[in-house]
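Q: Okay, handing you the structure first.
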Amino acid sequence: MEALKNAVNFSDFPRIDRFVAGAVFCFLAAYPIFPHSAFAMATMIQFFIFSLYGMGWNTIGGYGGQVDLGQAQYVGIGAYTTMVCLLRWDIPFWISMPIGACLAMAWSFVIGYPLFKLRGHYFAIASIATSLVLKDLFEVWKFVGASRGLGILPSKYQPPDFLRLIFKEDVYYYYSIFGFFIIGLLFMNWFRKSRLGFQLRSIKDNEDMARSLGINVQWAKIKTYAIATAFVSVVGSFHAVYIKNIEPEDTMSLDLSILIALMAMLGGAGSFWGPVIGAGVLIPLKSYLKEWLGAAAGLVGIDLIIYGLIIMLISAFEPRGIWGMVERLRRRKRI
Amino acid sequence: MDILVGSLVAGILLGLVLALVALGLTIIFGVMDIVNFAHGEFLMIGMYTGLLTAQATGMDPLFTLPVAAVIGFLLGVLCYNGFVKFLLRGPMIAQLLGTFGLMLVLRNLSLLFFGSEDRSLQHGLLVGQSFDIGMGIIVSATKLAVAVLAVASFIGVWLLMNRTKIGKALTATALNRQGARYMGIPTERMNALAWGIGGGTVTVAGALIVNFWSVNPYVGLTFTMIAFTVVALGGFGSVPGAFFAGLAVGLIMEIPGFWDFFSITFNLAWMSNVPMISFKYTWIYLSYFVIMLISPRGLFGWKH
């Protein structure tokens, strides 16, 4: 009960934050009513998916300061669990999603225990290595379709199928992921005020100090890692039924892991609104750059060049992200 | 038996080149504690440099190394002064993602300029030549020459690091930046120099590798991971460590060959059914993970 009260209580944010967030919330809730193209709709759903990924990463990477670059493996676990359950045994989404989350958490305990003995760069690269090992396994594992992946034929089901989450119109997907988004925000709001959240922030500031104050550093990191992976794998399950066609290359690649971390960092790692802002800036930018420039003949990859330049500029000149900029402006005004 | 010895020889020859690939990474890491994700992209640029210079001038590809070294050195210094210098002020995550951005830019710039198709060397003094070293083991002449040249470049860098004043200044900067600055060593310039040497050695390695490996703009990431493994095994920041770890990783990359040897010699059906060749790189990632868990400092590491 206390936890629920904490989750819905946003009163410690400044009034202007709450006002802007409320306005954006109303806009997002009403968005499908406005005239929009199918492409804009798909971009909005991508925005929700990635802001949720970013929130998951933000628990361990932002609040905890452990730069994990292997989150894509949990996207893969979630997506593949849902897909395999649906195709082989016709298990609906709402049952396969928690199964996927449990599998992801189990796997996170298996690799998290050794992984968190490492720090800094060593941890980051080791997390990449585990993710790539899992991807290589999935690429030869015949049960999950090897490198060709798995696909749903929507014609086999009768959309709208609310049990399996298979729809024809994107509006349904929009509102389902919007629901996940709200739950995610509430969860994050609880998490940042929870005991674990405070423990993590102290670990980020000074790990040795945190240990000397009696925090079980290893266990706190592993717990948070499990939370992050559950988050990411749930959204991965949604990704599977939304995209309807998954393969190791696009659900488990390093690029996806980096994109997730980047999203949170661009918005501001370790801040509540960071992942949402980061996804809100980066996802439209990325998909529209691709739409405008990537398709132009003779300019292959120019969208990714611009995207890479933005990453370089942000990390060189504003490593605390957009939220860091906002906070600096605020501090200056107050003085 | 010939498969076993053949795999051993191939692994060692490859390992010598991989050692040179990782050398730049370990120097950069040792001097300034930054992990360079764009390392494989530098290698890719070295491969294109070797390939295009050889094709444009008609020189033998083995003689394009000076061009590659100069280009790599300039690229490294440019990257440091134009970009990495600013990264060093930020937190670790900014450094990781920043060099990842550099990697994206370099990769896609070469995609824009060179196209996405595989290219490889068709001609050259040694291309296609091979000789028998006994027991039915055939070693291609390019690989042998490449391995010898890699060792030569390695010795060159080792001498530079250990027998010259500049090398001593670099080591001093790596050991204690502040102390080095008090002693009058221009640490900023040493950082740039480390990036220059790092870029130069890796592009030389690229120009060597292109003799037996086809190049496309996406080749970089695999080599980045290989280089990370070599550096982790050898110890972050250690030059001799990189050499021996390179040999070890070369042998790890030949695991499919050893696997074949065992499955044929002992006639084990289950072994030959495993598609070992698709796990070629998995062993590298796995060994990185295991090495880091057993000994984060690696074999010869002195930094933690």
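As shown in the structure tokens, the chain order sets the letters A, B, ...; within each chain, residues go from 1, and ligands are also counted from 1 in the order they appear.
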Please report as CSV every residue of chain A lying within 8 Å of chain B, along with the nearest atom pair and their distance in Å (one decimal), using only C-alpha atoms.

A:
residue,atom,partner,partner_atom,distance
A:Val67,CA,B:Ile93,CA,6.2
A:Pro114,CA,B:Leu293,CA,6.8
A:Leu115,CA,B:Leu293,CA,7.7
A:Lys117,CA,B:Leu293,CA,7.5
A:Leu118,CA,B:Leu293,CA,7.5
A:Gly120,CA,B:Met92,CA,7.5
A:His121,CA,B:Val35,CA,7.1
A:Tyr122,CA,B:Met292,CA,7.3
A:Ile125,CA,B:Phe228,CA,8.0
A:Ala126,CA,B:Phe289,CA,5.5
A:Ala129,CA,B:Tyr285,CA,4.9
A:Thr130,CA,B:Tyr285,CA,7.1
A:Leu132,CA,B:Tyr285,CA,7.0
A:Val133,CA,B:Thr282,CA,5.4
A:Asp136,CA,B:Thr282,CA,6.4
A:Leu137,CA,B:Phe279,CA,7.9
A:Val140,CA,B:Ser278,CA,7.4
A:Ile258,CA,B:Leu97,CA,7.5
A:Leu262,CA,B:Leu97,CA,7.0
A:Met265,CA,B:Ala94,CA,8.0
A:Gly298,CA,B:Leu112,CA,7.7
A:Leu299,CA,B:Leu112,CA,6.5
A:Val300,CA,B:Leu112,CA,5.9
A:Gly301,CA,B:Asn108,CA,5.3
A:Ile302,CA,B:Asn108,CA,6.9
A:Leu304,CA,B:Asn108,CA,6.6
A:Ile305,CA,B:Val105,CA,4.7
A:Ile306,CA,B:Val105,CA,7.6
A:Tyr307,CA,B:Gly101,CA,7.8
A:Gly308,CA,B:Gly101,CA,4.3
A:Leu309,CA,B:Gly101,CA,6.4
A:Ile310,CA,B:Gly101,CA,7.8
A:Ile311,CA,B:Gly101,CA,5.2
A:Met312,CA,B:Gly98,CA,4.8
A:Leu313,CA,B:Gly98,CA,7.9
A:Ile314,CA,B:Gly98,CA,8.0
A:Ser315,CA,B:Ala94,CA,4.7
A:Ala316,CA,B:Leu87,CA,4.6
A:Phe317,CA,B:Phe86,CA,7.0
A:Pro319,CA,B:Ala94,CA,5.6

Q: Save out the residues we just selected, C-alpha atoms, as a PDB file, in the first residue's frame.

A:
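Okay, part-v3.pdb is ready:
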ATOM      1  CA  VAL A  67      27.309   0.899 -17.743  1.00  0.00           C
ATOM      2  CA  PRO A 114      30.027 -13.127 -12.069  1.00  0.00           C
ATOM      3  CA  LEU A 115      29.492  -9.942 -14.078  1.00  0.00           C
ATOM      4  CA  LYS A 117      32.555  -8.657  -9.782  1.00  0.00           C
ATOM      5  CA  LEU A 118      33.897  -6.379 -12.503  1.00  0.00           C
ATOM      6  CA  GLY A 120      33.903   0.185 -15.043  1.00  0.00           C
ATOM      7  CA  HIS A 121      35.164  -0.552 -18.547  1.00  0.00           C
ATOM      8  CA  TYR A 122      35.676  -4.196 -17.715  1.00  0.00           C
ATOM      9  CA  ILE A 125      32.821  -4.911 -22.302  1.00  0.00           C
ATOM     10  CA  ALA A 126      32.012  -8.141 -20.458  1.00  0.00           C
ATOM     11  CA  ALA A 129      30.530 -10.225 -24.644  1.00  0.00           C
ATOM     12  CA  THR A 130      27.701 -12.108 -22.898  1.00  0.00           C
ATOM     13  CA  LEU A 132      27.111 -11.530 -28.295  1.00  0.00           C
ATOM     14  CA  VAL A 133      27.550 -15.110 -27.057  1.00  0.00           C
ATOM     15  CA  ASP A 136      25.589 -16.433 -31.633  1.00  0.00           C
ATOM     16  CA  LEU A 137      23.750 -19.280 -29.896  1.00  0.00           C
ATOM     17  CA  VAL A 140      22.393 -21.567 -34.853  1.00  0.00           C
ATOM     18  CA  ILE A 258      24.025   0.794 -27.492  1.00  0.00           C
ATOM     19  CA  LEU A 262      22.341   6.079 -25.577  1.00  0.00           C
ATOM     20  CA  MET A 265      22.266   9.078 -21.677  1.00  0.00           C
ATOM     21  CA  GLY A 298      23.850   7.341 -53.546  1.00  0.00           C
ATOM     22  CA  LEU A 299      23.664   8.526 -49.958  1.00  0.00           C
ATOM     23  CA  VAL A 300      23.717   5.189 -48.156  1.00  0.00           C
ATOM     24  CA  GLY A 301      24.412   5.584 -44.479  1.00  0.00           C
ATOM     25  CA  ILE A 302      24.338   9.374 -44.340  1.00  0.00           C
ATOM     26  CA  LEU A 304      23.850   7.092 -39.548  1.00  0.00           C
ATOM     27  CA  ILE A 305      26.711   9.552 -40.042  1.00  0.00           C
ATOM     28  CA  ILE A 306      24.558  12.392 -38.725  1.00  0.00           C
ATOM     29  CA  TYR A 307      23.330  10.163 -35.929  1.00  0.00           C
ATOM     30  CA  GLY A 308      26.909   9.237 -35.012  1.00  0.00           C
ATOM     31  CA  LEU A 309      27.938  12.895 -35.053  1.00  0.00           C
ATOM     32  CA  ILE A 310      25.125  13.724 -32.647  1.00  0.00           C
ATOM     33  CA  ILE A 311      26.314  10.960 -30.304  1.00  0.00           C
ATOM     34  CA  MET A 312      29.848  12.341 -30.488  1.00  0.00           C
ATOM     35  CA  LEU A 313      28.769  15.918 -29.801  1.00  0.00           C
ATOM     36  CA  ILE A 314      26.516  14.963 -26.879  1.00  0.00           C
ATOM     37  CA  SER A 315      29.094  12.779 -25.209  1.00  0.00           C
ATOM     38  CA  ALA A 316      31.892  15.301 -25.690  1.00  0.00           C
ATOM     39  CA  PHE A 317      30.094  18.472 -24.683  1.00  0.00           C
ATOM     40  CA  PRO A 319      27.665  14.168 -21.075  1.00  0.00           C
TER      41      PRO A 319
END

Q: If you count only C-alpha atoms, which residues fall within 12 Å of region 283-292 of chain A, apart from same-chain ones fewer than 3 positions away, as a PDB file with N, CA and C atoms, in the first residue's frame?

A:
ATOM      1  N   PHE A  39       3.238   6.293 -40.750  1.00  0.00           N
ATOM      2  CA  PHE A  39       4.646   6.354 -40.373  1.00  0.00           C
ATOM      3  C   PHE A  39       4.822   7.055 -39.032  1.00  0.00           C
ATOM      4  N   ALA A  40       4.073   8.165 -38.848  1.00  0.00           N
ATOM      5  CA  ALA A  40       4.156   8.894 -37.576  1.00  0.00           C
ATOM      6  C   ALA A  40       3.679   8.011 -36.433  1.00  0.00           C
ATOM      7  N   MET A  41       2.620   7.240 -36.695  1.00  0.00           N
ATOM      8  CA  MET A  41       2.096   6.337 -35.670  1.00  0.00           C
ATOM      9  C   MET A  41       3.159   5.310 -35.284  1.00  0.00           C
ATOM     10  N   ALA A  42       3.794   4.703 -36.295  1.00  0.00           N
ATOM     11  CA  ALA A  42       4.823   3.699 -36.018  1.00  0.00           C
ATOM     12  C   ALA A  42       5.967   4.325 -35.229  1.00  0.00           C
ATOM     13  N   THR A  43       6.315   5.570 -35.573  1.00  0.00           N
ATOM     14  CA  THR A  43       7.378   6.249 -34.836  1.00  0.00           C
ATOM     15  C   THR A  43       6.988   6.460 -33.388  1.00  0.00           C
ATOM     16  N   MET A  44       5.705   6.814 -33.152  1.00  0.00           N
ATOM     17  CA  MET A  44       5.261   7.021 -31.776  1.00  0.00           C
ATOM     18  C   MET A  44       5.368   5.722 -30.978  1.00  0.00           C
ATOM     19  N   ILE A  45       4.973   4.595 -31.600  1.00  0.00           N
ATOM     20  CA  ILE A  45       5.044   3.320 -30.877  1.00  0.00           C
ATOM     21  C   ILE A  45       6.504   2.992 -30.584  1.00  0.00           C
ATOM     22  N   GLN A  46       7.376   3.257 -31.551  1.00  0.00           N
ATOM     23  CA  GLN A  46       8.803   3.046 -31.317  1.00  0.00           C
ATOM     24  C   GLN A  46       9.294   3.902 -30.149  1.00  0.00           C
ATOM     25  N   PHE A  47       8.764   5.132 -30.100  1.00  0.00           N
ATOM     26  CA  PHE A  47       9.154   6.024 -29.004  1.00  0.00           C
ATOM     27  C   PHE A  47       8.794   5.419 -27.652  1.00  0.00           C
ATOM     28  N   PHE A  48       7.581   4.876 -27.544  1.00  0.00           N
ATOM     29  CA  PHE A  48       7.179   4.259 -26.274  1.00  0.00           C
ATOM     30  C   PHE A  48       8.075   3.063 -25.959  1.00  0.00           C
ATOM     31  N   ILE A  49       8.288   2.215 -26.983  1.00  0.00           N
ATOM     32  CA  ILE A  49       9.095   1.017 -26.757  1.00  0.00           C
ATOM     33  C   ILE A  49      10.474   1.416 -26.246  1.00  0.00           C
ATOM     34  N   PHE A  50      11.070   2.384 -26.907  1.00  0.00           N
ATOM     35  CA  PHE A  50      12.440   2.713 -26.521  1.00  0.00           C
ATOM     36  C   PHE A  50      12.504   3.503 -25.239  1.00  0.00           C
ATOM     37  N   SER A  51      11.470   4.292 -24.931  1.00  0.00           N
ATOM     38  CA  SER A  51      11.557   4.971 -23.635  1.00  0.00           C
ATOM     39  C   SER A  51      11.426   3.954 -22.514  1.00  0.00           C
ATOM     40  N   GLY A  54      14.737   2.342 -22.215  1.00  0.00           N
ATOM     41  CA  GLY A  54      15.617   3.314 -21.560  1.00  0.00           C
ATOM     42  C   GLY A  54      15.376   3.350 -20.060  1.00  0.00           C
ATOM     43  N   LEU A 259      21.959   1.574 -28.479  1.00  0.00           N
ATOM     44  CA  LEU A 259      20.869   2.531 -28.669  1.00  0.00           C
ATOM     45  C   LEU A 259      20.107   2.724 -27.358  1.00  0.00           C
ATOM     46  N   ILE A 260      19.878   1.618 -26.632  1.00  0.00           N
ATOM     47  CA  ILE A 260      19.154   1.704 -25.362  1.00  0.00           C
ATOM     48  C   ILE A 260      19.930   2.577 -24.372  1.00  0.00           C
ATOM     49  N   LEU A 262      22.205   4.732 -25.044  1.00  0.00           N
ATOM     50  CA  LEU A 262      22.341   6.079 -25.577  1.00  0.00           C
ATOM     51  C   LEU A 262      21.107   6.921 -25.303  1.00  0.00           C
ATOM     52  N   MET A 263      19.945   6.263 -25.461  1.00  0.00           N
ATOM     53  CA  MET A 263      18.676   6.921 -25.228  1.00  0.00           C
ATOM     54  C   MET A 263      18.646   7.537 -23.837  1.00  0.00           C
ATOM     55  N   ALA A 264      19.011   6.712 -22.844  1.00  0.00           N
ATOM     56  CA  ALA A 264      18.982   7.192 -21.471  1.00  0.00           C
ATOM     57  C   ALA A 264      20.032   8.274 -21.265  1.00  0.00           C
ATOM     58  N   LEU A 266      21.347  10.349 -23.520  1.00  0.00           N
ATOM     59  CA  LEU A 266      21.002  11.584 -24.227  1.00  0.00           C
ATOM     60  C   LEU A 266      20.021  12.399 -23.405  1.00  0.00           C
ATOM     61  N   GLY A 267      19.033  11.721 -22.820  1.00  0.00           N
ATOM     62  CA  GLY A 267      18.077  12.441 -21.996  1.00  0.00           C
ATOM     63  C   GLY A 267      18.672  12.846 -20.668  1.00  0.00           C
ATOM     64  N   PRO A 275      15.230   9.054 -19.768  1.00  0.00           N
ATOM     65  CA  PRO A 275      14.965   8.117 -20.863  1.00  0.00           C
ATOM     66  C   PRO A 275      13.812   8.553 -21.756  1.00  0.00           C
ATOM     67  N   VAL A 276      12.781   9.157 -21.143  1.00  0.00           N
ATOM     68  CA  VAL A 276      11.638   9.574 -21.949  1.00  0.00           C
ATOM     69  C   VAL A 276      12.052  10.692 -22.891  1.00  0.00           C
ATOM     70  N   ILE A 277      12.785  11.675 -22.347  1.00  0.00           N
ATOM     71  CA  ILE A 277      13.239  12.777 -23.195  1.00  0.00           C
ATOM     72  C   ILE A 277      14.170  12.250 -24.282  1.00  0.00           C
ATOM     73  N   GLY A 278      15.088  11.359 -23.885  1.00  0.00           N
ATOM     74  CA  GLY A 278      16.052  10.832 -24.852  1.00  0.00           C
ATOM     75  C   GLY A 278      15.361  10.114 -25.988  1.00  0.00           C
ATOM     76  N   ALA A 279      14.395   9.258 -25.638  1.00  0.00           N
ATOM     77  CA  ALA A 279      13.674   8.543 -26.690  1.00  0.00           C
ATOM     78  C   ALA A 279      12.853   9.513 -27.523  1.00  0.00           C
ATOM     79  N   GLY A 280      12.275  10.507 -26.856  1.00  0.00           N
ATOM     80  CA  GLY A 280      11.458  11.471 -27.584  1.00  0.00           C
ATOM     81  C   GLY A 280      12.253  12.273 -28.583  1.00  0.00           C
ATOM     82  N   ALA A 295      16.926   6.964 -47.907  1.00  0.00           N
ATOM     83  CA  ALA A 295      16.368   6.417 -49.132  1.00  0.00           C
ATOM     84  C   ALA A 295      16.938   7.090 -50.377  1.00  0.00           C
ATOM     85  N   ALA A 296      17.481   8.303 -50.216  1.00  0.00           N
ATOM     86  CA  ALA A 296      18.013   9.031 -51.369  1.00  0.00           C
ATOM     87  C   ALA A 296      19.145   8.221 -52.009  1.00  0.00           C
ATOM     88  N   ALA A 297      19.128   8.179 -53.327  1.00  0.00           N
ATOM     89  CA  ALA A 297      20.098   7.332 -54.026  1.00  0.00           C
ATOM     90  C   ALA A 297      21.508   7.859 -53.837  1.00  0.00           C
ATOM     91  N   LEU A 299      23.302   7.980 -51.272  1.00  0.00           N
ATOM     92  CA  LEU A 299      23.664   8.526 -49.958  1.00  0.00           C
ATOM     93  C   LEU A 299      23.454   7.475 -48.880  1.00  0.00           C
ATOM     94  N   VAL A 300      23.914   6.261 -49.136  1.00  0.00           N
ATOM     95  CA  VAL A 300      23.717   5.189 -48.156  1.00  0.00           C
ATOM     96  C   VAL A 300      24.447   5.532 -46.873  1.00  0.00           C
ATOM     97  N   GLY A 301      23.751   5.437 -45.766  1.00  0.00           N
ATOM     98  CA  GLY A 301      24.412   5.584 -44.479  1.00  0.00           C
ATOM     99  C   GLY A 301      24.591   7.009 -44.012  1.00  0.00           C
ATOM    100  N   ILE A 302      24.101   7.993 -44.779  1.00  0.00           N
ATOM    101  CA  ILE A 302      24.338   9.374 -44.340  1.00  0.00           C
ATOM    102  C   ILE A 302      23.518   9.671 -43.087  1.00  0.00           C
ATOM    103  N   ASP A 303      22.369   9.005 -42.940  1.00  0.00           N
ATOM    104  CA  ASP A 303      21.577   9.201 -41.721  1.00  0.00           C
ATOM    105  C   ASP A 303      22.359   8.727 -40.503  1.00  0.00           C
ATOM    106  N   LEU A 304      23.073   7.606 -40.676  1.00  0.00           N
ATOM    107  CA  LEU A 304      23.850   7.092 -39.548  1.00  0.00           C
ATOM    108  C   LEU A 304      25.066   7.965 -39.263  1.00  0.00           C
ATOM    109  N   ILE A 305      25.587   8.644 -40.292  1.00  0.00           N
ATOM    110  CA  ILE A 305      26.711   9.552 -40.042  1.00  0.00           C
ATOM    111  C   ILE A 305      26.240  10.705 -39.157  1.00  0.00           C
ATOM    112  N   ILE A 306      25.084  11.283 -39.525  1.00  0.00           N
ATOM    113  CA  ILE A 306      24.558  12.392 -38.725  1.00  0.00           C
ATOM    114  C   ILE A 306      24.255  11.928 -37.300  1.00  0.00           C
ATOM    115  N   TYR A 307      23.663  10.748 -37.226  1.00  0.00           N
ATOM    116  CA  TYR A 307      23.330  10.163 -35.929  1.00  0.00           C
ATOM    117  C   TYR A 307      24.590   9.959 -35.077  1.00  0.00           C
ATOM    118  N   GLY A 308      25.640   9.420 -35.721  1.00  0.00           N
ATOM    119  CA  GLY A 308      26.909   9.237 -35.012  1.00  0.00           C
ATOM    120  C   GLY A 308      27.509  10.556 -34.573  1.00  0.00           C
ATOM    121  N   ILE A 310      25.885  13.242 -33.805  1.00  0.00           N
ATOM    122  CA  ILE A 310      25.125  13.724 -32.647  1.00  0.00           C
ATOM    123  C   ILE A 310      25.605  13.026 -31.378  1.00  0.00           C
ATOM    124  N   ILE A 311      25.809  11.694 -31.470  1.00  0.00           N
ATOM    125  CA  ILE A 311      26.314  10.960 -30.304  1.00  0.00           C
ATOM    126  C   ILE A 311      27.635  11.557 -29.861  1.00  0.00           C
TER     127      ILE A 311
END

Q: Residues at most 8 Å from Gly76 (chain A), counting only C-alpha atoms, excluding those fewer than 3 positions away in the same chain, as a PyMOL selection string?

A: chain A and resi 72-73+79-80+233+236+248+251-252

Q: Calculated over only C-alpha atoms, which of the candidates A:Leu185, A:Ala226, A:Ala240, A:Ile215 has the smallest distance to Gln199 (chain A)?

A: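 For Gln199 (chain A), the nearest of the given residues is A:Ile215.
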
Q: Mind checking which residues fall within 10 Å of Ala38 (chain A), counting only C-alpha atoms, ignoring those fewer than 6 positions away in the same chain, and posting them as a list in words?

A: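 What passes the distance filter is Met44, Glu169, Asp170 and Val171 of chain A.
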
Q: Which polymer residues have any atom within 10 Å of an atom of Phe191 (chain A), counting only C-alpha atoms, with same-chain residues fewer than 4 positions away left out, as a ChimeraX atom specification?

A: /A:3,6-7,59,63,185-187,195-198,224,227

Q: Please return, as a count of residues only, all residues of region 16-137 of chain A that DSSP assigns to helix (DSSP H, G or I) on the basis of the backbone.

A: 103

Q: Would you kindly return, as an MDAnalysis selection string, each protein, DNA or RNA residue with an atom no farther than 12 Å from any atom of Glu249 (chain A), considering only C-alpha atoms and excluding same-chain residues fewer than 2 positions away?

A: chainID A and resid 72:73 75:76 131:132 134:139 146:150 245:247 251:257
